[in-house]
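Structure record follows, encoded as structure tokens.
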Amino acid sequence: MLNLEYLFRKVRDSFWFVPTLIIFMSILMAIFLLYMDKTYPFTPEGIFKIIFSENSESGRNVLTVIAGSMVGIAGTVFSITIVVLQLASSQFGPRLLQNFMYKRLNQVVLGQYVGVFLYCIIVINATRDNDSYAFIPNLSILFALLLAIFNVFLLVIFIHSISMSIQPSKIINELRIRIEGNIETMYPQQVEKDVILATEEKDYTSNLTRIKQIKVTSSGYVQYFDLDLLVKKAREHEVIIKVLLKPGKYVVKEQAVFDIFQQSNSENTQLDDDFSLKESFKIATKKTFFQDVEFGIHQIVEIASKALSPGVNNPYTAVICIDNLTSVLCKLVRIDMPDSAMKDDDDMTRVIVVNDSFEGFLEAAFNLIRQYGKTSPYIIIRLMEALTVILEFDTSQKHTKTLEEYAEIVMQTGKKSFLLETDMNDLRDRYTVFKTSIR
């Protein structure tokens, strides 16, 4: 089931899906309107002669002009898109290019212009005016005119959108929204206020015997695990499957991805040679948002790292990244991470996964920014302020110790990097505020 969901999301988020759908609909619309013109012919009279074509030649001319214009505008759209991609790659990093390519408006614009071009070609081909047969599809020609008018406004909207899309604040905000949406999908449960949860991880394999190890046959990034299928397979074979990696991790050919266990006091379980579980996970050449919250965090961190590089030296963009990452971490600090053991309907442990942790998310969000911005008091002080904000959202106090330890790391960074005592005093003041915020 998850495999179908993954394929659906992959197709839906691909660059070609929406343009292909629009082109297909344009062809169907041309056929439908030509059928309507054939079945219910309309002869313009009176004022309608101003709008509709009186002969096939004028209709062909209108359609030819529209078709030629759409091809020309499509070329302009491609040129603008390529320029924006070059700017985005140089300013924000190549990993963000797919975010521009996958924007719905860009896909709609491309599909719309190509679709109208094909629509006009089909209608031109159907237009006839000779001694034996005359067919002037007035309704189809009118619809082509309406599409041309719509596409003029669409071009204005596209130019406005593409100019706004390269602004750092908009890019970072869109990434944050997508990350938070992914968090809500993967971790729907929140920690209730004033409930202190245990932080120790259980060792579910201490009383188990490993009977097999499954390795991957190719290198790449793990995109997802079908956990429901793994539970089903483990139950069928009376084993416990331990997943050794998280989605988003890179695996090398022949690297182990699953350990198969059985109870130590049970009889030896015989597994077939074809027991590979290859249908339960997917390996590809790149990361995706699917089951990987850290992927979006890394994209924001990449923008911040680029902004803090000596060639760019733009701390304000880095602060925008810190602010949006703070919002993400405030959401994560209230999440009740699921248990690493997954059970079947009989309440038997069947699959053991590598759990995400708030500490891992915190380090993924702030470590690289702290390292790149260590010589900038503005960045380090802003990180300390961000930790104070996150602490306020830790109502369960589950992650207070983690936040304290990271605040101390930020303090040590400032002590070793700041040149002026004034800057160090500012950082100490923020650290004092953080300490007094601890319940």
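Identifiers in this document derive from the order of the structure tokens: chains are assigned A, B, ..., residues are numbered from 1 separately in each chain, and ligands are numbered from 1 in order of occurrence.
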Contact residues around Lys282 in chain A with only C-alpha atoms at 6 Å, ignoring same-chain residues under 3 positions, as a PyMOL selection string: chain A and resi 222-224
Picked from range 186-415 of chain A by DSSP as strand (DSSP E or B), as a VMD selection string: chain A and resid 190 208 to 215 220 to 225 240 to 243 250 to 251 256 to 263 281 to 284 335 341 to 343 349 to 352
Nearest candidate to Ser69 in chain A (options A:Asn151, A:Ser161, A:Thr326, A:Ser140; using only C-alpha atoms): A:Asn151
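Using only C-alpha atoms, the nearest neighbour of Gly59 in chain A within the list A:Asp347, A:Glu392, A:Asp129, A:Glu294 is A:Asp129.
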Option closest in space to Leu34 in chain A, from A:Leu139, A:Leu118, A:Ile22, A:Val77 [counting only C-alpha atoms]: A:Leu139
Near range 422-430 of chain A, within 7 Å and counting only C-alpha atoms, which residues show up once chain neighbours fewer than 2 positions away are dropped, as a PDB file with N, CA and C atoms, in the first residue's frame?
```
ATOM      1  N   PRO A 377      29.336  37.106  15.707  1.00  0.00           N
ATOM      2  CA  PRO A 377      28.572  37.167  16.967  1.00  0.00           C
ATOM      3  C   PRO A 377      27.059  37.256  16.736  1.00  0.00           C
ATOM      4  N   ILE A 381      24.708  34.643  18.719  1.00  0.00           N
ATOM      5  CA  ILE A 381      23.730  35.199  19.658  1.00  0.00           C
ATOM      6  C   ILE A 381      22.312  34.834  19.238  1.00  0.00           C
ATOM      7  N   MET A 384      21.463  31.338  20.300  1.00  0.00           N
ATOM      8  CA  MET A 384      21.122  31.249  21.724  1.00  0.00           C
ATOM      9  C   MET A 384      19.685  31.721  21.953  1.00  0.00           C
ATOM     10  N   GLU A 385      19.286  32.785  21.286  1.00  0.00           N
ATOM     11  CA  GLU A 385      17.907  33.257  21.403  1.00  0.00           C
ATOM     12  C   GLU A 385      16.922  32.213  20.877  1.00  0.00           C
ATOM     13  N   GLY A 414      31.148  30.704  21.295  1.00  0.00           N
ATOM     14  CA  GLY A 414      31.372  32.134  21.446  1.00  0.00           C
ATOM     15  C   GLY A 414      32.659  32.453  22.180  1.00  0.00           C
ATOM     16  N   LYS A 415      32.955  31.698  23.246  1.00  0.00           N
ATOM     17  CA  LYS A 415      34.171  31.949  24.024  1.00  0.00           C
ATOM     18  C   LYS A 415      35.433  31.761  23.184  1.00  0.00           C
ATOM     19  N   PHE A 418      34.749  34.714  19.676  1.00  0.00           N
ATOM     20  CA  PHE A 418      34.507  36.154  19.760  1.00  0.00           C
ATOM     21  C   PHE A 418      35.799  36.890  20.111  1.00  0.00           C
ATOM     22  N   LEU A 420      35.741  40.422  20.788  1.00  0.00           N
ATOM     23  CA  LEU A 420      35.430  41.542  21.667  1.00  0.00           C
ATOM     24  C   LEU A 420      34.644  41.070  22.887  1.00  0.00           C
ATOM     25  N   THR A 432      21.940  33.725  30.097  1.00  0.00           N
ATOM     26  CA  THR A 432      21.280  33.903  31.392  1.00  0.00           C
ATOM     27  C   THR A 432      19.765  33.837  31.242  1.00  0.00           C
ATOM     28  N   VAL A 433      19.247  34.461  30.200  1.00  0.00           N
ATOM     29  CA  VAL A 433      17.809  34.401  29.925  1.00  0.00           C
ATOM     30  C   VAL A 433      17.390  32.959  29.673  1.00  0.00           C
ATOM     31  N   PHE A 434      18.226  32.223  28.933  1.00  0.00           N
ATOM     32  CA  PHE A 434      17.913  30.806  28.658  1.00  0.00           C
ATOM     33  C   PHE A 434      17.866  30.015  29.958  1.00  0.00           C
TER      34      PHE A 434
END
```
9 Å contact set for Leu145 in chain A, only C-alpha atoms, chain neighbours under 5 positions out, as a ChimeraX atom specification: /A:62-63,66,140,150
Since we have the selection now, will you write its residues out, keeping C-alpha atoms, as a compact mmCIF listing (two decimals), in the first residue's frame?
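New file result-v9.txt:
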```
# COMPACT_ATOMS: atom_id res chain seq x y z
CA VAL A 62 -6.55 33.47 -36.28
CA LEU A 63 -5.54 29.97 -35.21
CA ILE A 66 -2.42 32.03 -31.78
CA SER A 140 -13.56 25.84 -31.47
CA PHE A 150 -6.24 33.72 -20.60
```
Residue contacts of Ala304 in chain A (12 Å, only C-alpha atoms) excluding same-chain residues fewer than 3 positions away, as a VMD selection string: chain A and resid 91 to 93 168 to 169 171 to 172 297 to 301 307 to 309 312 to 325 365 to 373 379
Spatial neighbours of Val123 in chain A, 8 Å, only C-alpha atoms, chain gap at least 3 places, as JSON, numbers by chain: {"A": [30, 34, 63, 119, 120, 126, 127, 137, 140, 141]}
Nearby residues (only C-alpha atoms) at most 7 Å from range 406-409 of chain A, same-chain spacing under 4 positions excluded, as a ChimeraX atom specification: /A:384,387,402,413
Range 338-436 of chain A: residues DSSP assigns to helix (DSSP H, G or I), reported as a VMD selection string: chain A and resid 358 to 372 377 to 393 400 to 417 421 to 436
Output C-alpha atoms of each residue in that selection to a file, as an mmCIF file, in the first residue's frame.
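For reference, part25.cif as written:
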```
data_model
loop_
_atom_site.group_PDB
_atom_site.id
_atom_site.type_symbol
_atom_site.label_atom_id
_atom_site.label_comp_id
_atom_site.auth_asym_id
_atom_site.auth_seq_id
_atom_site.Cartn_x
_atom_site.Cartn_y
_atom_site.Cartn_z
ATOM 1 C CA PHE A 358 14.866 15.628 18.742
ATOM 2 C CA GLU A 359 18.585 15.771 19.484
ATOM 3 C CA GLY A 360 19.337 14.610 15.952
ATOM 4 C CA PHE A 361 16.995 17.216 14.450
ATOM 5 C CA LEU A 362 18.524 19.954 16.617
ATOM 6 C CA GLU A 363 22.051 19.089 15.522
ATOM 7 C CA ALA A 364 20.995 18.807 11.874
ATOM 8 C CA ALA A 365 19.413 22.275 12.047
ATOM 9 C CA PHE A 366 22.047 24.234 13.965
ATOM 10 C CA ASN A 367 25.412 22.452 13.829
ATOM 11 C CA LEU A 368 26.514 23.577 10.385
ATOM 12 C CA ILE A 369 25.186 27.099 10.885
ATOM 13 C CA ARG A 370 27.068 27.337 14.184
ATOM 14 C CA GLN A 371 30.267 26.108 12.570
ATOM 15 C CA TYR A 372 30.050 28.408 9.554
ATOM 16 C CA PRO A 377 28.572 37.167 16.967
ATOM 17 C CA TYR A 378 25.249 38.087 15.357
ATOM 18 C CA ILE A 379 24.675 34.467 14.277
ATOM 19 C CA ILE A 380 25.821 32.830 17.530
ATOM 20 C CA ILE A 381 23.730 35.199 19.658
ATOM 21 C CA ARG A 382 20.717 34.510 17.430
ATOM 22 C CA LEU A 383 21.206 30.755 17.955
ATOM 23 C CA MET A 384 21.122 31.249 21.724
ATOM 24 C CA GLU A 385 17.907 33.257 21.403
ATOM 25 C CA ALA A 386 16.441 30.483 19.237
ATOM 26 C CA LEU A 387 17.215 27.886 21.925
ATOM 27 C CA THR A 388 15.341 30.032 24.467
ATOM 28 C CA VAL A 389 12.282 30.115 22.216
ATOM 29 C CA ILE A 390 12.404 26.342 21.677
ATOM 30 C CA LEU A 391 12.711 25.808 25.432
ATOM 31 C CA GLU A 392 9.417 27.632 25.980
ATOM 32 C CA PHE A 393 7.658 25.057 23.757
ATOM 33 C CA THR A 400 15.356 20.322 28.451
ATOM 34 C CA LYS A 401 18.648 18.526 29.076
ATOM 35 C CA THR A 402 19.347 18.335 25.324
ATOM 36 C CA LEU A 403 18.685 22.057 24.943
ATOM 37 C CA GLU A 404 20.879 22.843 27.973
ATOM 38 C CA GLU A 405 23.763 20.850 26.535
ATOM 39 C CA TYR A 406 23.460 22.568 23.160
ATOM 40 C CA ALA A 407 23.255 25.994 24.782
ATOM 41 C CA GLU A 408 26.542 25.198 26.507
ATOM 42 C CA ILE A 409 28.051 24.255 23.122
ATOM 43 C CA VAL A 410 26.925 27.614 21.716
ATOM 44 C CA MET A 411 28.517 29.359 24.713
ATOM 45 C CA GLN A 412 31.806 27.519 24.165
ATOM 46 C CA THR A 413 31.704 28.488 20.482
ATOM 47 C CA GLY A 414 31.372 32.134 21.446
ATOM 48 C CA LYS A 415 34.171 31.949 24.024
ATOM 49 C CA LYS A 416 36.612 30.527 21.507
ATOM 50 C CA SER A 417 35.577 32.702 18.538
ATOM 51 C CA GLU A 421 34.293 41.266 25.277
ATOM 52 C CA THR A 422 31.181 43.314 24.415
ATOM 53 C CA ASP A 423 29.973 40.577 22.084
ATOM 54 C CA MET A 424 30.715 37.959 24.717
ATOM 55 C CA ASN A 425 28.702 39.900 27.298
ATOM 56 C CA ASP A 426 25.735 39.984 24.917
ATOM 57 C CA LEU A 427 25.952 36.217 24.516
ATOM 58 C CA ARG A 428 26.168 35.742 28.301
ATOM 59 C CA ASP A 429 23.042 37.868 28.745
ATOM 60 C CA ARG A 430 21.147 35.619 26.296
ATOM 61 C CA TYR A 431 22.497 32.540 28.051
ATOM 62 C CA THR A 432 21.280 33.903 31.392
ATOM 63 C CA VAL A 433 17.809 34.401 29.925
ATOM 64 C CA PHE A 434 17.913 30.806 28.658
ATOM 65 C CA LYS A 435 18.898 29.425 32.067
ATOM 66 C CA THR A 436 16.202 31.392 33.880
#
```
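Between CA of Ile136 in chain A and CA of Ile23 in chain A there is a distance of 23.4 Å.
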